[in-house]
Protein chains: 2
Amino acid sequence: MTCHDRTETIRKLVSPQSIAVIGASADFSKVNGRPLKHLIEKGYTGDILPVNPKYREIAGLACYPDIASLPVAADLAIIALPAAFVCDCVAELGRKGIRAAVIFSSGFGEMGPEGKALEQRLAETAKAAGVILLGPNCLGFINAFENVYATFSQYADGETGAGPIAFVTQSGAFGTALAALVRRRGLGLGYFVNTGNQADLDFAELMSVVVEDPRIKVAAGYLEGVKDGEALVRLAKKCRALGKPLILTKVGRMGSGARAAASHTGALAVSDAVFDAVVRQYGVLRARNEEQMLDMMEVFCQPRRAKGNGLGIATQSGGAGVMMADRAEEVGLAVPELGAETQARLSAVMPAFGAAGNPVDVTGQFVARPELLSESVVGMLEDPDIDVAIVWLQLMTAHVDKLLNIFTEIRDRTAKPFLVCWVAAPEAAVTGLRALGIPMFTAGERAVEAAAALARYGMLPAPGADIAVAPVALPSMISAGAQPTVEASAWLRAAGVPMAHVALAESADAAVALWRGNGGPVALKIESPDILHKTEIEGILLNVDSEEDIRAGYATLIERAKTMAPDARISGVLVQEMSAGHVELVVGVSRDPVFGIIVMVGLGGVLVEVLKDVTFRKAPFSREEALVMLSELRMGAVLDGVRGKPAVDRGRIAAMLANLSQWAAGMADHLSELDLNPVLVGADGPSVVDCVMIFDTVPTASGKG
Amino acid sequence: MTCHDRTETIRKLVSPQSIAVIGASADFSKVNGRPLKHLIEKGYTGDILPVNPKYREIAGLACYPDIASLPVAADLAIIALPAAFVCDCVAELGRKGIRAAVIFSSGFGEMGPEGKALEQRLAETAKAAGVILLGPNCLGFINAFENVYATFSQYADGETGAGPIAFVTQSGAFGTALAALVRRRGLGLGYFVNTGNQADLDFAELMSVVVEDPRIKVAAGYLEGVKDGEALVRLAKKCRALGKPLILTKVGRMGSGARAAASHTGALAVSDAVFDAVVRQYGVLRARNEEQMLDMMEVFCQPRRAKGNGLGIATQSGGAGVMMADRAEEVGLAVPELGAETQARLSAVMPAFGAAGNPVDVTGQFVARPELLSESVVGMLEDPDIDVAIVWLQLMTAHVDKLLNIFTEIRDRTAKPFLVCWVAAPEAAVTGLRALGIPMFTAGERAVEAAAALARYGMLPAPGADIAVAPVALPSMISAGAQPTVEASAWLRAAGVPMAHVALAESADAAVALWRGNGGPVALKIESPDILHKTEIEGILLNVDSEEDIRAGYATLIERAKTMAPDARISGVLVQEMSAGHVELVVGVSRDPVFGIIVMVGLGGVLVEVLKDVTFRKAPFSREEALVMLSELRMGAVLDGVRGKPAVDRGRIAAMLANLSQWAAGMADHLSELDLNPVLVGADGPSVVDCVMIFDTVPTASGKG
């Protein structure tokens with residue numbers, strides 16, 4: 001099947017003109033009866049084709065004895081059979097020309113080695129038969145726009161009103177819970193899809209299709225693991241290009257959670273730190289749990305976007321204002337003082353005991369004087385430093401109509417987004433605000449977090465062109481394993497990574513000559529493809545600066561290597577210029593099994609070991625992105641000078657990282673690992689002192705292995 | 001008024017036999033009519049005595065023209081008059097022998113300098129008149145046990161059913177919101193008290209009285225600032241002794257929040273880091289916002305307590321289990337693997353595809369086989385490593401009765417606490433669980449945080465006897481300001497703080513003699529009461545170890561001091577033994593305006609400046625408490641040896657901190673500031689290298705200023 005065919009088939013899968021239900025039951029309380037019930041009761045307008053030799057008809061629909069007897073090749077088949085029958089069924093679908101199937105059946109990859117083998121066979125069968133699969137071990141899906149209820153989920157038992165959110169979930173139970181909460185909030189899921197074991201279709205491929213639906217404004221996903229990182233990155237880019245926020249929750253953030261995730265799903269474990277960095281790199285909004293995901297859905301379902309991170313807060317409780325200001329600072333929002341003009345404007349309407357700063361305490365007086373609230377919020381939103389506002393209030397059971405009028409006025413007079421946080425809100429307030437299209441929260445900190453998501457999304461840089469990566473041309477006689485330092489340094493230097501100059505001496509005489517050529521003190525380092533960590537054999541001597549010391553040092557290093565690593569092949573001794581710099585960084589490149597080449601940077605020394613103050617990006621990336629990396633380091637203030645030390649040039653570090661990322665991306669087929677440690681940064685910019693470069697396949701002259 | 005009288009009067013205030021309502025209105029929608037309405041309608045059984053010359057009676061109650069005309073000295077007066085009349089009214093109450101008043105009126109401290117002056121006059125008037133005040137600018141209070149509705153809060157408009165929680169709040173609006181949420185949860189507030197401006201009664205004093213009520217099981221407070229830290233500490237100790245958890249929310253955690261708090265309340269700003277450390281030190285549970293406070297209330301309203309931090313998780317969704325395990329790790333809970341015996345027990349009931357580890361995925365099968373859930377949770381709770389369990393489920397609209405039966409069985413067969421997290425729970429589930437006395441949450445992470453609070457409370461050390469602090473006896477001729485290093489060192493050494501030995505040389509000859517006496521290299525340091533930071537004038541020379549160098553060093557330091565600090569009085573040069581140690585700490589003592597003497601410890605060097613990796617305790621404290629301090633340092637792993645360095649002895653550092661805290665507490669009247677920086681820690685334990693000790697009053701021989 002070509003890519004285009006596949007996409008078309010997925011479109012038909014989620015929006016079928018006809019649905020065959022294989023193993024359909026006339027008992028609508030059963031897993032194999034429930035889809036029929038929902039399709040009929042909720043008004044699916046396509047053809048419903050039950051297949052079961054036990055019945056001639058079900059609920060007035062003709063029932064077919066087998067797949068071969070079906071009058072048409074349906075756009076979609078629902079399979080609700082025991083696991084053992086599923087493979088044959090899929091093959092039969094293929095013969096009939098049915099190209100898409102949803103498989104409810106459990107008993108596959110989640111059931112130990114036997115189940116895994118069965119799932120493998122299922123995937124192969126489907127590929128051979130030309131059938132695309134959703135599942136197995138899934139609840140199916142709902143396309144609420146077209147009343148397609150290819151599911152047995154209890155979520156379908158209630159009203160599932162169509163709406164602007166596409167929600168795709170790996171977990172059925174968790175996904176159902178979230179869908180039920182979405183319904184309670186009065187938000188609408190246009191698509192609810194459970195991907196289950198993902199034997200074929202995965203989260204990213206499915207979402208890439210449904211997010212194209214113009215009725216969808218927000219994409220949201222729940223993940224337990226990621227197999228195809230590139231597909232996820234493509235999806236993220238697509239959502240950016242469409243201007244539709246992609247909100248993801250992924251569990252397995254911590255050690256014990258990751259352990260539980262591994263035992264639960266068998267999904268490929270991805271380092272959460274890498275996942276988190278990469279999805280943010282491509283503009284994904286990550287929600288830490290279901291409540292935060294709901295809050296983000298709510299705020300992005302309204303069309304207004306924030307252009308910056310200035311938050312205005314209006315409350316009837318000073319304390320609530322303080323609490324929200326606290327949280328705002330923690331999540332990267334500013335709570336700027338209002339401009340003089342705005343303050344003057346607010347003072348004109350505020351009672352003497354309100355505070356006209358920010359947060360603005362409008363007190364409870366607005367019950368008597370509604371303009372107090374409306375003028376304050378409108379004035380605040382018109383302040384150039386304010387990008388989004390939150391209005392906090394509580395109870396007000398007796399004043400709901402008055403408040404809804406105020407909020408309508410605010411909405412009609414402004415263009416910037418504003419959120420209402422109404423604690424212990426009467427039901428009429430909740431439904432009234434929803435009807436007005438105003439996002440509504442019930443807790444102050446959660447409103448602030450939602451505003452922060454709006455700001456983060458609004459401040460994403462415009463999606464730029466992809467960074468072109470040329471395959472790196474290297475000589476053809478290179479072997480796999482650790483690369484010689486001199487060659488590795490030369491490649492990196494050519495790529496724009498400032499390596500300290502280094503040369504290899506195969507004799508003491510040669511070392512002396514190199515020292516003379518350098519014209520100042522040098523470092524001597526043992527060089528061996530078998531000694532990756534030179535310090536472990538005390539294989540480094542610093543600041544050597546006389547012929548006598550060079551000769552003695554050469555002998556010492558060779559002797560130490562022979563004693564402490566008797567089996568190591570010794571290439572000689574490296575003679576390297578001394579690097580200066582008062583800031584120590586570590587930089588690493590690794591090949592992540594999910595996301596490919598990943599570049600890491602962190603503060604060096606004890607900090608990296610204890611604090612793990614490091615940050616990651618998928619290669620390649622730009623200098624601007626590298627600057628964002630540096631801003632993420634908790635100890636980043638070290639770069640700006642502490643204890644009287646001067647600041648270092650972040651731009652030059654960022655250039656080094658971006659250059660490295662582009663070179664490493666070009667080497668993706670070969671590069672297994674690269675450590676630049678330490679990288680010293682001083683007045684002259686960064687200088688890489690040591691590097692370990694390991695290939696796992698042999699590059700050819702064309703750079704393709 | 002004696003302390004005892006005061007406490008008795010507060011008891012009568014919150015539980016009065018008779019209430020006078022000064023300025024009572026017959027219009028029950030007004031602030032001065034609403035208390036009458038609530039008292040009458042909700043069945044207050046004491047005497048209600050309205051006072052207003054405009055009426056002869058209100059709602060069948062005799063109304064008195066003035067306070068003097070009242071037939072009795074009521075236990076409580078409610079004052080709902082304009083601010084300008086309040087002082088005279090309070091004086092009149094005093095003359096009548098009425099000893100307690102709740103003042104609703106605003107227009108005091110929250111209204112600028114004039115209002116502050118009026119509040120000051122009010123406080124003085126009340127003191128002179130012998131009247132205790134709640135307020136002004138408050139909503140009043142509710143004692144729901146006795147139907148005392150001395151409030152105009154909209155919260156009183158609904159049902160306020162009495163329950164085991166005493167809630168005291170500084171903020172009216174925020175407090176009302178929280179009270180309304182408590183009601184929605186089906187929890188009960190026995191007391192709802194708004195302290196407002198706290199011109200007289202503050203949070204701690206009020207709570208100290210109401211928490212004594214045996215019907216109260218949980219104390220909860222909302223604070224915007226703290227004036228009397230000692231009173232708060234006494235309250236915390238009292239709650240510990242009573243075995244009643246004290247839950248506090250305080251806003252103003254961050255810079256912008258603190259700014260807003262200051263502008264809002266005018267309350268004395270207390271460093272949030274110090275507040276946080278001190279309240280935890282005395283066993284307070286801090287809730288970061290209203291949702292967390294509600295969650296803690298819920299979990300502590302049931303009587304079971306956790307004895308440790310082992311969390312068992314049972315779910316019908318693997319993903320939810322992972323998410324909760326993640327959060328558990330973040331909040332200090334362990335999610336231990338179940339013991340072999342428990343695993344065997346669970347395997348006996350679990351279907352093949354469930355995971356019998358922890359989290360336990362019981363899948364959705366328990367609908368058909370209820371024992372799957374009950375046996376799993378009972379088995380888990382009987383595991384010795386499990387102290388508290390969470391059961392996660394979602395929707396299950398059709399199975400509420402079955403599940404309530406399962407939970408009843410679990411409750412009856414176990415003694416350890418368990419929490420239910422039921423996402424998108426049907427209403428019948430919520431009320432059913434509440435009726436069973438089982439804490440119920442609607443989001444997984446929030447259930448985990450509540451379990452963590454249970455564990456934290458359960459693991460608090462038994463409240464020990466207070467550490468006795470003797471006033472420190474120092475010579476009488478000491479002056480205020482910076483103390484000489486030699487004397488300061490001697491006092492600290494006597495107190496058990498390991499200072500490096502140091503002596504003062506007033507000549508180069510004396511320095512040489514001291515060096516000889518030391519028998520090894522020494523540090524030379526300028527000594528002057530006017531030079532607190534010796535490094536700023538380059539006033540320290542290290543590792544000096546020859547007569548020639550000592551003489552030259554002495555001259556150099558004196559010369560530098562004369563050049564760089566020409567006005568400084570120079571005492572001479574300190575000769576100090578060299579200290580060794582590979583870990584650098586900073587230790588500080590300061591006098592906090594709210595909590596008194598506070599001891600700080602942190603990792604030294606760049607870490608303290610950039611990471612601010614420090615922790616605080618109120619002095620005095622024990623060695624055990626000091627060990628907890630060390631465990632709170634984010635970089636604490638440095639103490640255990642990194643980069644091949646050996647671990648240092650935490651016990652010896654803790655002993656130093658505890659000794660210092662006890663000495664500093666004895667010096668509370670005089671000690672303004674004390675910095676021990678650096679403190680080097682090596683194989684021989686800690687050694688304090690430099691100290692700056694500043695007194696602000698002059699100690700006498702008795703230690704009392």
# chains A, B, ... in the order shown; residues from 1 in each chain; ligands from 1
>>> select_by_dssp(residues="range 89-257 of chain A", states="helix (DSSP H, G or I)", output="number ranges by chain")
A: 89-96, 112-129, 154-157, 172-185, 203-210, 229-242, 255-257
>>> atom_distance(atom1="CA of Val72 in chain B", atom2="CA of Leu93 in chain B")
11.3 Å
>>> select_by_dssp(residues="range 56-268 of chain B", states="strand (DSSP E or B)", output="PyMOL selection string")
chain B and resi 57-58+61-62+64+76-79+100-103+132-134+140-143+148-151+165-169+189-194+218-223+246-250
>>> residues_around(residues="Gly33 in chain B", least_positions_apart="5", cutoff="10 Å", atoms="only C-alpha atoms", output="PyMOL selection string")
chain B and resi 21+23-28+38+50+58+80+151-152
>>> write_last_selection(atoms="C-alpha atoms", output="mmCIF file, in the first residue's frame")
data_model
loop_
_atom_site.group_PDB
_atom_site.id
_atom_site.type_symbol
_atom_site.label_atom_id
_atom_site.label_comp_id
_atom_site.auth_asym_id
_atom_site.auth_seq_id
_atom_site.Cartn_x
_atom_site.Cartn_y
_atom_site.Cartn_z
ATOM 1 C CA VAL B 21 -26.489 42.442 67.811
ATOM 2 C CA GLY B 23 -27.049 48.087 65.038
ATOM 3 C CA ALA B 24 -29.372 45.204 64.168
ATOM 4 C CA SER B 25 -31.577 45.696 61.107
ATOM 5 C CA ALA B 26 -35.033 44.315 60.431
ATOM 6 C CA ASP B 27 -33.985 43.989 56.779
ATOM 7 C CA PHE B 28 -32.569 40.460 56.757
ATOM 8 C CA HIS B 38 -29.418 32.943 60.518
ATOM 9 C CA PRO B 50 -30.913 43.128 68.994
ATOM 10 C CA ILE B 58 -37.428 42.635 65.318
ATOM 11 C CA ALA B 80 -22.278 46.000 62.388
ATOM 12 C CA THR B 151 -21.740 36.149 60.435
ATOM 13 C CA PHE B 152 -23.088 37.760 57.292
#
